[in-house]
file protein.txt (compact mmCIF, C-alpha atoms)
# COMPACT_ATOMS: atom_id res chain seq x y z
CA MET A 8 186.31 -52.04 221.47
CA SER A 9 183.42 -49.65 221.89
CA ALA A 10 184.24 -46.01 222.53
CA PRO A 11 182.95 -44.35 225.71
CA ILE A 12 180.29 -41.64 225.33
CA ASN A 13 181.66 -38.36 223.89
CA GLU A 14 184.67 -40.15 222.42
CA PRO A 15 184.73 -40.62 218.67
CA THR A 16 183.93 -44.14 217.45
CA ASP A 17 186.52 -46.24 215.63
CA GLN A 18 184.68 -45.61 212.38
CA ARG A 19 184.85 -41.86 212.91
CA LEU A 20 188.59 -42.04 213.69
CA ILE A 21 189.16 -44.13 210.56
CA GLU A 22 187.32 -41.59 208.41
CA SER A 23 189.37 -38.75 209.91
CA THR A 24 192.60 -40.71 209.33
CA LEU A 25 191.67 -41.30 205.71
CA ALA A 26 190.99 -37.57 205.40
CA GLY A 27 194.61 -36.93 206.46
CA ASP A 28 194.30 -36.49 210.23
CA ASP A 29 197.27 -38.35 211.74
CA GLU A 30 196.17 -37.54 215.28
CA ALA A 31 193.00 -39.54 214.66
CA PHE A 32 195.14 -42.52 213.78
CA ALA A 33 197.19 -41.98 216.94
CA ALA A 34 193.94 -42.09 218.94
CA LEU A 35 192.94 -45.30 217.17
CA VAL A 36 196.34 -46.83 217.96
CA ALA A 37 196.12 -45.75 221.61
CA ARG A 38 192.74 -47.46 221.84
CA HIS A 39 193.87 -50.79 220.37
CA LYS A 40 197.58 -51.04 221.15
CA ARG A 41 197.09 -53.11 224.31
CA LYS A 42 195.45 -55.87 222.27
CA VAL A 43 198.11 -55.77 219.55
CA PHE A 44 201.00 -55.70 222.03
CA GLY A 45 199.41 -58.64 223.83
CA ILE A 46 199.44 -60.72 220.64
CA ALA A 47 202.94 -59.63 219.60
CA ALA A 48 204.36 -60.28 223.08
CA ARG A 49 203.59 -63.98 222.68
CA PHE A 50 206.14 -64.14 219.86
CA ALA A 51 208.72 -61.43 220.63
CA ARG A 52 211.84 -62.27 222.61
CA ASN A 53 212.46 -58.81 224.03
CA ASP A 54 211.11 -55.24 224.13
CA ALA A 55 212.94 -54.23 220.95
CA GLU A 56 211.35 -57.05 218.96
CA LEU A 57 207.99 -56.28 220.53
CA GLN A 58 208.27 -52.65 219.42
CA ASP A 59 209.35 -53.65 215.91
CA ILE A 60 206.53 -56.16 215.41
CA SER A 61 203.91 -53.79 216.83
CA GLN A 62 205.12 -50.93 214.66
CA GLU A 63 205.04 -53.18 211.59
CA ILE A 64 201.45 -54.18 212.42
CA PHE A 65 200.19 -50.60 212.76
CA VAL A 66 202.09 -49.39 209.68
CA LYS A 67 200.38 -52.18 207.70
CA ALA A 68 197.03 -51.23 209.23
CA TYR A 69 197.58 -47.59 208.25
CA ARG A 70 198.43 -48.52 204.66
CA LYS A 71 195.46 -50.89 204.34
CA LEU A 72 192.99 -48.64 206.13
CA LYS A 73 191.20 -47.80 202.87
CA SER A 74 190.31 -51.47 202.50
CA PHE A 75 188.63 -51.61 205.94
CA ARG A 76 184.95 -52.08 205.12
CA GLY A 77 183.59 -52.09 208.65
CA ASP A 78 181.95 -55.54 208.33
CA ALA A 79 183.74 -56.58 211.53
CA PRO A 80 184.99 -54.38 214.38
CA PHE A 81 188.32 -52.65 213.82
CA GLU A 82 189.79 -54.68 216.68
CA HIS A 83 189.19 -57.94 214.79
CA TRP A 84 190.58 -56.48 211.60
CA VAL A 85 193.78 -55.26 213.26
CA SER A 86 194.12 -58.56 215.19
CA ARG A 87 194.13 -60.40 211.88
CA ILE A 88 196.93 -58.16 210.62
CA ALA A 89 198.76 -58.72 213.92
CA VAL A 90 198.55 -62.51 213.72
CA ARG A 91 199.74 -62.58 210.11
CA SER A 92 202.60 -60.20 210.87
CA CYS A 93 203.65 -62.36 213.82
CA TYR A 94 203.56 -65.42 211.58
CA ASP A 95 205.80 -63.65 209.04
CA PHE A 96 208.11 -62.64 211.88
CA LEU A 97 208.32 -66.25 213.13
CA ARG A 98 209.20 -67.50 209.68
CA ALA A 99 211.80 -64.79 209.18
CA THR A 100 213.54 -65.43 212.50
CA ARG A 101 213.14 -69.19 212.78
CA HIS A 102 216.86 -69.95 212.44
CA ASP A 103 217.82 -67.44 215.15
CA ARG A 104 215.52 -69.18 217.59
CA GLU A 105 216.58 -72.79 217.29
CA ASN A 106 219.61 -72.58 219.58
CA VAL A 107 218.07 -70.89 222.58
CA PRO A 108 219.73 -72.46 225.65
CA LEU A 109 217.78 -73.96 228.52
CA ASP A 110 219.45 -71.69 231.07
CA GLY A 111 218.08 -72.20 234.54
CA ILE A 112 214.79 -73.61 233.33
CA GLU A 113 213.85 -76.88 234.95
CA ILE A 114 211.49 -78.94 232.91
CA GLY A 115 209.52 -81.57 234.71
CA THR A 116 206.63 -83.71 233.58
CA GLN A 117 204.73 -82.44 236.61
CA PRO A 118 204.19 -78.78 235.76
CA SER A 119 204.37 -76.51 238.75
CA GLY A 120 201.64 -74.03 239.48
CA ASN A 121 204.08 -71.14 239.00
CA ALA A 122 202.73 -69.24 235.99
CA GLU A 123 205.98 -67.50 235.20
CA HIS A 124 207.93 -70.76 235.31
CA ALA A 125 205.33 -72.47 233.11
CA ARG A 126 205.56 -69.61 230.64
CA GLU A 127 209.35 -69.91 230.51
CA VAL A 128 209.19 -73.67 229.96
CA LEU A 129 206.61 -73.28 227.23
CA GLN A 130 208.53 -70.42 225.66
CA TRP A 131 211.61 -72.61 225.50
CA ALA A 132 209.67 -75.50 223.96
CA LEU A 133 207.64 -73.34 221.57
CA VAL A 134 210.73 -71.95 219.82
CA ARG A 135 211.48 -75.51 218.78
CA LEU A 136 208.21 -75.88 216.92
CA THR A 137 207.68 -74.83 213.32
CA SER A 138 206.10 -71.42 212.74
CA ASP A 139 202.72 -73.00 211.93
CA GLU A 140 202.76 -75.17 215.03
CA ARG A 141 203.80 -72.32 217.30
CA LEU A 142 201.14 -70.01 215.91
CA VAL A 143 198.32 -72.49 216.30
CA ILE A 144 199.34 -73.49 219.86
CA THR A 145 199.68 -69.84 220.89
CA LEU A 146 196.28 -68.87 219.56
CA LEU A 147 194.36 -71.94 220.71
CA GLU A 148 196.00 -72.76 224.01
CA LEU A 149 197.52 -69.53 225.31
CA GLU A 150 195.18 -66.93 223.83
CA GLU A 151 192.24 -69.33 224.25
CA ARG A 152 190.80 -68.57 220.83
CA SER A 153 188.26 -70.95 219.36
CA VAL A 154 189.06 -73.04 216.28
CA ARG A 155 186.82 -70.74 214.26
CA GLU A 156 188.54 -67.58 215.49
CA THR A 157 191.95 -69.14 214.84
CA ALA A 158 190.86 -70.03 211.32
CA GLU A 159 189.70 -66.46 210.71
CA LEU A 160 192.87 -64.94 212.12
CA THR A 161 195.25 -67.20 210.23
CA GLY A 162 193.30 -67.60 207.01
CA TRP A 163 193.47 -71.42 207.34
CA SER A 164 190.38 -73.64 207.16
CA GLU A 165 188.92 -74.94 210.43
CA SER A 166 189.87 -78.53 209.63
CA ASN A 167 193.39 -77.35 208.81
CA VAL A 168 193.59 -75.61 212.18
CA LYS A 169 192.52 -78.82 213.95
CA VAL A 170 195.07 -80.94 212.09
CA ARG A 171 197.87 -78.46 212.75
CA ALA A 172 196.88 -78.17 216.41
CA PHE A 173 196.96 -81.94 216.84
CA ARG A 174 200.40 -82.19 215.23
CA ALA A 175 201.66 -79.22 217.23
CA ARG A 176 200.59 -80.82 220.53
CA GLN A 177 202.32 -84.08 219.59
CA ALA A 178 205.49 -82.20 218.65
CA LEU A 179 205.39 -80.17 221.86
CA LYS A 180 204.97 -83.29 223.99
CA LYS A 181 207.96 -84.91 222.29
CA ILE A 182 210.11 -81.81 222.87
CA LEU A 183 209.18 -81.62 226.55
CA GLU A 184 209.69 -85.37 227.06
CA ALA A 185 213.08 -85.29 225.35
CA SER A 186 214.20 -82.35 227.47
CA HIS A 187 213.09 -84.14 230.62
CA GLU A 188 215.11 -87.24 229.71
CA ARG A 189 218.32 -85.20 229.31
CA MET B 96 204.04 -86.26 229.08
CA ASN B 97 200.32 -86.88 228.66
CA ASP B 98 197.59 -84.52 227.46
CA GLU B 99 196.48 -83.66 230.96
CA GLN B 100 199.97 -82.57 231.99
CA LEU B 101 200.30 -80.51 228.84
CA ASN B 102 196.95 -78.85 229.53
CA GLN B 103 198.08 -78.04 233.06
CA LEU B 104 201.19 -76.41 231.64
CA PHE B 105 199.08 -74.33 229.25
CA GLN B 106 196.74 -73.34 232.03
CA ALA B 107 199.61 -72.21 234.24
CA ALA B 108 201.22 -70.28 231.36
CA ARG B 109 197.94 -68.48 230.58
CA GLY B 110 198.08 -66.97 234.05
CA SER B 111 201.23 -65.08 233.13
CA ARG B 112 200.62 -62.32 230.62
CA PRO B 113 203.80 -60.58 229.48
CA ASP B 114 204.08 -57.03 230.76
CA THR B 115 204.06 -54.76 227.71
CA SER B 116 203.59 -51.41 229.46
CA ARG B 117 207.22 -50.34 228.99
CA ALA B 118 207.14 -51.00 225.23
CA GLU B 119 203.72 -49.33 224.93
CA TYR B 120 204.92 -46.08 226.48
CA GLY B 121 205.05 -43.31 223.85
CA PHE B 122 204.34 -45.80 221.09
CA GLU B 123 201.93 -43.56 219.15
CA THR B 124 204.52 -40.78 218.94
CA ARG B 125 207.18 -43.13 217.55
CA LEU B 126 204.70 -44.69 215.17
CA LEU B 127 203.56 -41.35 213.73
CA ALA B 128 207.20 -40.29 213.30
CA ALA B 129 207.88 -43.54 211.41
CA LEU B 130 204.79 -43.04 209.23
CA ARG B 131 205.79 -39.47 208.37
CA GLU B 132 209.29 -40.66 207.52
CA ASN B 133 207.95 -43.45 205.30
CA ARG B 134 205.57 -41.07 203.57
CA GLY B 135 208.49 -39.08 202.15
CA GLN B 136 210.01 -42.18 200.62
CA PRO B 137 208.83 -43.73 197.38
CA THR B 138 206.92 -47.00 197.62
CA PRO B 139 209.06 -50.11 197.02
CA TRP B 140 207.46 -50.61 193.59
CA ALA B 141 208.29 -47.05 192.50
CA ALA B 142 211.83 -47.43 193.86
CA LEU B 143 212.24 -50.69 191.95
CA THR B 144 210.99 -49.06 188.75
CA TRP B 145 213.61 -46.33 189.08
CA ARG B 146 216.29 -48.91 189.78
CA LEU B 147 215.31 -50.78 186.62
CA THR B 148 215.58 -47.64 184.43
CA PRO B 149 219.08 -48.53 183.09
CA VAL B 150 217.80 -51.99 182.13
CA PHE B 151 214.86 -50.46 180.25
CA ALA B 152 217.21 -47.96 178.55
CA ALA B 153 219.54 -50.79 177.49
CA ILE B 154 216.57 -52.72 176.07
CA VAL B 155 215.50 -49.64 174.05
CA VAL B 156 219.05 -49.16 172.66
CA VAL B 157 219.46 -52.85 171.75
CA THR B 158 216.02 -52.93 170.12
CA GLY B 159 216.83 -49.74 168.19
CA VAL B 160 220.17 -51.11 166.91
CA TRP B 161 218.58 -54.42 165.98
CA SER B 162 215.70 -52.66 164.21
CA TYR B 163 218.13 -50.40 162.30
CA ASN B 164 220.21 -53.42 161.23
CA VAL B 165 217.17 -55.33 160.07
CA GLN B 166 215.93 -52.32 158.07
CA SER B 167 219.24 -51.68 156.36
CA GLN B 168 219.63 -55.41 155.64
CA THR B 169 216.15 -55.53 154.11
CA GLY B 170 216.94 -52.44 152.00
CA ALA B 171 220.18 -54.01 150.73
CA GLU B 172 218.41 -57.27 149.88
CA ALA B 173 215.69 -55.34 148.03
CA ALA B 174 218.28 -53.41 146.04
CA LEU B 175 220.15 -56.63 145.30
CA GLY B 176 216.89 -58.31 144.30
CA ALA B 177 216.03 -55.46 141.91
CA GLY B 178 219.52 -55.62 140.36
CA SER B 179 219.37 -59.36 139.78
CA GLU B 180 216.06 -58.95 137.93
CA THR B 181 217.61 -56.56 135.37
CA VAL B 182 220.53 -58.81 134.54
CA PRO B 183 218.49 -61.58 132.93
CA VAL B 184 216.47 -59.00 130.99
CA GLY B 185 219.69 -57.62 129.54
CA LEU B 186 220.95 -61.07 128.75
CA MET B 187 217.68 -61.99 127.08
CA GLY B 188 218.01 -58.98 124.83
CA GLY B 189 221.19 -60.46 123.41
CA GLU B 190 223.40 -57.56 124.40

call {"tool": "encode", "arguments": {"input": "protein.txt", "output": "C-alpha cells"}}
result
Amino acid sequence: MSAPINEPTDQRLIESTLAGDDEAFAALVARHKRKVFGIAARFARNDAELQDISQEIFVKAYRKLKSFRGDAPFEHWVSRIAVRSCYDFLRATRHDRENVPLDGIEIGTQPSGNAEHAREVLQWALVRLTSDERLVITLLELEERSVRETAELTGWSESNVKVRAFRARQALKKILEASHER
Amino acid sequence: MNDEQLNQLFQAARGSRPDTSRAEYGFETRLLAALRENRGQPTPWAALTWRLTPVFAAIVVVTGVWSYNVQSQTGAEAALGAGSETVPVGLMGGE
C-alpha cells in the first residue's frame, strides 16, 4: 500500500519502529490491518479467534521486522506471515472443527445466488477439508490469488499448489455431494 | 456436483466478505499493550535455559563425582602397581 503525500512511507515507519518508536509500528499496523484481518477472517470462527490470529500475525511481524529487506512491499511480506500463521492455526485447531453441525444450512447442488448463504455452505464444507486443502481453496478460489501468488504465500512450489488445489476441489465436491444425499 | 456448480458456489461466496470492523476497532492499542507486556518477559529460549539449570547442575555434580572416583581409583592402582614392583625385587635379593 502506498502512503498518501505527507504521510511517512512504510519503509520510514519500519526504520522508526526498529529505532524503538512503537507509535510508528502502530501506524504501520493501522495501514495494513484491513488486509490482514481480511485473510484471518477466512479462517477464524468468531471475533475472538480473529483477534487472536491477527495479534499473532502482527507480533510475529514485529519480531521479524529486522529481517524485512524491502525487496517486496511490506504488504506482501506481512501477507505471507498472515497466511502461514493461519495455516498453523488451522493445524492446531483441526480437531475442534470436525464436528461443526449443519444447523439451518441447506445444501443444494444448485447454489443459490445468496452470497451469505453460499459462504455459510462453503464454510461448513471447508472445515471438513485438511488444513492444506482448506488453505489452497481459500487462497485460490475465495481470495482469487494466482497459482504463483499462492505458491509465494504458502512456500509451496507452483506444481504442488496445482496438485493440492485439484485434490481439494475433488474432496470438496465429495463433501458437498454427501451432505446433499443425507 | 460438477465443476461449474462448484465455481458458482465460489463466485457467490466471494461476494460476501466477512465484516471485520468490530474486531479491528482499537486493535493497535491492544497490540502495543501485548508487545510491551511480552517485552518484559524472557524469550522462550532464555526461559527454557533457566528451567534446565537444575539439570545442568546435576550433570556437573555427577561428572565431578565420577571424575573424583576415577582419579582416586587411578591413584590407588598406581600405588598398588608401585608396591607390586618392589616385592619381586626383595624376593630376588634372597631376603

call {"tool": "interface_residues", "arguments": {"input": "protein.txt", "of": "chain A", "to": "chain B", "cutoff": "7 Å", "atoms": "all atoms listed in the file", "output": "list in words"}}
result
Ala33, Val36, Ala37, Phe44, Ala48, Asp54, Gln58, Gln62, Val66, Thr116, Gln117, Pro118, Gly120, Asn121, Ala122, Glu123, Ala125, Arg126, Glu148, Leu149, Lys180 and Glu184 of chain A

call {"tool": "write_last_selection", "arguments": {"input": "protein.txt", "atoms": "C-alpha atoms", "output": "mmCIF file, in the coordinates of the input"}}
result
data_model
loop_
_atom_site.group_PDB
_atom_site.id
_atom_site.type_symbol
_atom_site.label_atom_id
_atom_site.label_comp_id
_atom_site.auth_asym_id
_atom_site.auth_seq_id
_atom_site.Cartn_x
_atom_site.Cartn_y
_atom_site.Cartn_z
ATOM 1 C CA ALA A 33 197.190 -41.980 216.940
ATOM 2 C CA VAL A 36 196.340 -46.830 217.960
ATOM 3 C CA ALA A 37 196.120 -45.750 221.610
ATOM 4 C CA PHE A 44 201.000 -55.700 222.030
ATOM 5 C CA ALA A 48 204.360 -60.280 223.080
ATOM 6 C CA ASP A 54 211.110 -55.240 224.130
ATOM 7 C CA GLN A 58 208.270 -52.650 219.420
ATOM 8 C CA GLN A 62 205.120 -50.930 214.660
ATOM 9 C CA VAL A 66 202.090 -49.390 209.680
ATOM 10 C CA THR A 116 206.630 -83.710 233.580
ATOM 11 C CA GLN A 117 204.730 -82.440 236.610
ATOM 12 C CA PRO A 118 204.190 -78.780 235.760
ATOM 13 C CA GLY A 120 201.640 -74.030 239.480
ATOM 14 C CA ASN A 121 204.080 -71.140 239.000
ATOM 15 C CA ALA A 122 202.730 -69.240 235.990
ATOM 16 C CA GLU A 123 205.980 -67.500 235.200
ATOM 17 C CA ALA A 125 205.330 -72.470 233.110
ATOM 18 C CA ARG A 126 205.560 -69.610 230.640
ATOM 19 C CA GLU A 148 196.000 -72.760 224.010
ATOM 20 C CA LEU A 149 197.520 -69.530 225.310
ATOM 21 C CA LYS A 180 204.970 -83.290 223.990
ATOM 22 C CA GLU A 184 209.690 -85.370 227.060
#

call {"tool": "atom_distance", "arguments": {"input": "protein.txt", "atom1": "atom CA of Ala68 of chain A", "atom2": "atom CA of Ile144 of chain A"}}
result
24.8 Å

call {"tool": "residues_around", "arguments": {"input": "protein.txt", "residues": "Val90 of chain A", "least_positions_apart": "2", "cutoff": "9 Å", "atoms": "all atoms listed in the file", "output": "ChimeraX atom specification"}}
result
/A:43,46-47,64,85-88,92-95,142,146,160-161

call {"tool": "closest_residue", "arguments": {"input": "protein.txt", "among": "A:Leu20, A:Ala51, A:Leu136, A:Leu97", "to": "Arg171 of chain A", "atoms": "all atoms listed in the file"}}
result
A:Leu136

call {"tool": "atom_distance", "arguments": {"input": "protein.txt", "atom1": "atom CA of Ala175 of chain A", "atom2": "atom CA of Ala132 of chain A"}}
result
11.1 Å

call {"tool": "atom_distance", "arguments": {"input": "protein.txt", "atom1": "atom CA of Asn53 of chain A", "atom2": "atom CA of Arg70 of chain A"}}
result
26.0 Å

call {"tool": "decode", "arguments": {"input": "protein.txt", "residues": "segment 98-185 of chain B", "atoms": "C-alpha atoms", "output": "PDB file, in the first residue's frame"}}
result
ATOM      1  CA  ASP B  98     -17.085 -28.146 -11.546  1.00  0.00           C
ATOM      2  CA  GLU B  99     -19.426 -25.497 -12.863  1.00  0.00           C
ATOM      3  CA  GLN B 100     -21.685 -25.733  -9.820  1.00  0.00           C
ATOM      4  CA  LEU B 101     -18.685 -25.579  -7.530  1.00  0.00           C
ATOM      5  CA  ASN B 102     -17.402 -22.497  -9.354  1.00  0.00           C
ATOM      6  CA  GLN B 103     -20.805 -20.858  -8.970  1.00  0.00           C
ATOM      7  CA  LEU B 104     -20.664 -21.537  -5.249  1.00  0.00           C
ATOM      8  CA  PHE B 105     -17.193 -19.971  -5.035  1.00  0.00           C
ATOM      9  CA  GLN B 106     -18.322 -16.985  -7.030  1.00  0.00           C
ATOM     10  CA  ALA B 107     -21.318 -16.413  -4.759  1.00  0.00           C
ATOM     11  CA  ALA B 108     -19.160 -16.812  -1.631  1.00  0.00           C
ATOM     12  CA  ARG B 109     -16.611 -14.275  -2.916  1.00  0.00           C
ATOM     13  CA  GLY B 110     -19.358 -11.671  -2.880  1.00  0.00           C
ATOM     14  CA  SER B 111     -19.617 -11.953   0.887  1.00  0.00           C
ATOM     15  CA  ARG B 112     -16.590 -10.564   2.677  1.00  0.00           C
ATOM     16  CA  PRO B 113     -16.700 -11.066   6.441  1.00  0.00           C
ATOM     17  CA  ASP B 114     -17.200  -7.829   8.353  1.00  0.00           C
ATOM     18  CA  THR B 115     -14.075  -7.315  10.465  1.00  0.00           C
ATOM     19  CA  SER B 116     -14.679  -3.718  11.549  1.00  0.00           C
ATOM     20  CA  ARG B 117     -15.709  -4.667  15.102  1.00  0.00           C
ATOM     21  CA  ALA B 118     -12.562  -6.739  15.675  1.00  0.00           C
ATOM     22  CA  GLU B 119     -10.387  -4.042  14.075  1.00  0.00           C
ATOM     23  CA  TYR B 120     -11.604  -1.342  16.444  1.00  0.00           C
ATOM     24  CA  GLY B 121      -8.818  -0.315  18.852  1.00  0.00           C
ATOM     25  CA  PHE B 122      -6.620  -3.149  17.615  1.00  0.00           C
ATOM     26  CA  GLU B 123      -3.370  -1.131  17.570  1.00  0.00           C
ATOM     27  CA  THR B 124      -3.800  -0.160  21.222  1.00  0.00           C
ATOM     28  CA  ARG B 125      -4.307  -3.778  22.305  1.00  0.00           C
ATOM     29  CA  LEU B 126      -1.434  -4.932  20.139  1.00  0.00           C
ATOM     30  CA  LEU B 127       1.020  -2.392  21.567  1.00  0.00           C
ATOM     31  CA  ALA B 128      -0.047  -3.337  25.102  1.00  0.00           C
ATOM     32  CA  ALA B 129       0.600  -7.014  24.275  1.00  0.00           C
ATOM     33  CA  LEU B 130       4.001  -6.182  22.762  1.00  0.00           C
ATOM     34  CA  ARG B 131       5.023  -4.158  25.818  1.00  0.00           C
ATOM     35  CA  GLU B 132       3.916  -6.992  28.071  1.00  0.00           C
ATOM     36  CA  ASN B 133       5.866  -9.554  26.037  1.00  0.00           C
ATOM     37  CA  ARG B 134       8.949  -7.362  26.028  1.00  0.00           C
ATOM     38  CA  GLY B 135       9.258  -7.664  29.813  1.00  0.00           C
ATOM     39  CA  GLN B 136       9.235 -11.434  29.623  1.00  0.00           C
ATOM     40  CA  PRO B 137      12.249 -13.518  28.698  1.00  0.00           C
ATOM     41  CA  THR B 138      12.240 -15.167  25.286  1.00  0.00           C
ATOM     42  CA  PRO B 139      11.136 -18.826  25.313  1.00  0.00           C
ATOM     43  CA  TRP B 140      14.726 -19.967  24.719  1.00  0.00           C
ATOM     44  CA  ALA B 141      16.029 -17.976  27.706  1.00  0.00           C
ATOM     45  CA  ALA B 142      13.156 -19.266  29.849  1.00  0.00           C
ATOM     46  CA  LEU B 143      13.937 -22.831  28.809  1.00  0.00           C
ATOM     47  CA  THR B 144      17.617 -22.344  29.650  1.00  0.00           C
ATOM     48  CA  TRP B 145      16.700 -21.193  33.151  1.00  0.00           C
ATOM     49  CA  ARG B 146      14.332 -24.122  33.545  1.00  0.00           C
ATOM     50  CA  LEU B 147      17.127 -26.508  32.576  1.00  0.00           C
ATOM     51  CA  THR B 148      19.546 -25.059  35.179  1.00  0.00           C
ATOM     52  CA  PRO B 149      18.916 -27.880  37.737  1.00  0.00           C
ATOM     53  CA  VAL B 150      19.616 -30.459  35.025  1.00  0.00           C
ATOM     54  CA  PHE B 151      22.901 -28.758  34.138  1.00  0.00           C
ATOM     55  CA  ALA B 152      23.815 -28.524  37.852  1.00  0.00           C
ATOM     56  CA  ALA B 153      23.074 -32.241  38.315  1.00  0.00           C
ATOM     57  CA  ILE B 154      25.269 -33.068  35.292  1.00  0.00           C
ATOM     58  CA  VAL B 155      28.138 -31.005  36.783  1.00  0.00           C
ATOM     59  CA  VAL B 156      27.817 -32.776  40.174  1.00  0.00           C
ATOM     60  CA  VAL B 157      27.648 -36.271  38.625  1.00  0.00           C
ATOM     61  CA  THR B 158      30.615 -35.512  36.359  1.00  0.00           C
ATOM     62  CA  GLY B 159      32.578 -34.159  39.345  1.00  0.00           C
ATOM     63  CA  VAL B 160      31.873 -37.244  41.482  1.00  0.00           C
ATOM     64  CA  TRP B 161      32.719 -39.565  38.605  1.00  0.00           C
ATOM     65  CA  SER B 162      35.930 -37.659  37.868  1.00  0.00           C
ATOM     66  CA  TYR B 163      36.937 -37.744  41.568  1.00  0.00           C
ATOM     67  CA  ASN B 164      36.282 -41.506  41.727  1.00  0.00           C
ATOM     68  CA  VAL B 165      38.279 -42.171  38.590  1.00  0.00           C
ATOM     69  CA  GLN B 166      41.203 -40.083  39.909  1.00  0.00           C
ATOM     70  CA  SER B 167      41.297 -41.763  43.299  1.00  0.00           C
ATOM     71  CA  GLN B 168      40.967 -45.189  41.652  1.00  0.00           C
ATOM     72  CA  THR B 169      43.857 -44.402  39.309  1.00  0.00           C
ATOM     73  CA  GLY B 170      45.955 -43.199  42.264  1.00  0.00           C
ATOM     74  CA  ALA B 171      45.254 -46.404  44.207  1.00  0.00           C
ATOM     75  CA  GLU B 172      46.120 -48.562  41.199  1.00  0.00           C
ATOM     76  CA  ALA B 173      49.365 -46.621  40.705  1.00  0.00           C
ATOM     77  CA  ALA B 174      50.301 -47.075  44.359  1.00  0.00           C
ATOM     78  CA  LEU B 175      49.414 -50.765  44.157  1.00  0.00           C
ATOM     79  CA  GLY B 176      51.427 -51.083  40.939  1.00  0.00           C
ATOM     80  CA  ALA B 177      54.480 -49.455  42.562  1.00  0.00           C
ATOM     81  CA  GLY B 178      54.187 -51.779  45.583  1.00  0.00           C
ATOM     82  CA  SER B 179      53.982 -54.918  43.479  1.00  0.00           C
ATOM     83  CA  GLU B 180      57.180 -53.921  41.660  1.00  0.00           C
ATOM     84  CA  THR B 181      59.175 -53.789  44.920  1.00  0.00           C
ATOM     85  CA  VAL B 182      58.087 -57.208  46.109  1.00  0.00           C
ATOM     86  CA  PRO B 183      59.841 -59.189  43.379  1.00  0.00           C
ATOM     87  CA  VAL B 184      62.980 -57.081  43.826  1.00  0.00           C
ATOM     88  CA  GLY B 185      63.039 -58.018  47.501  1.00  0.00           C
TER      89      GLY B 185
END
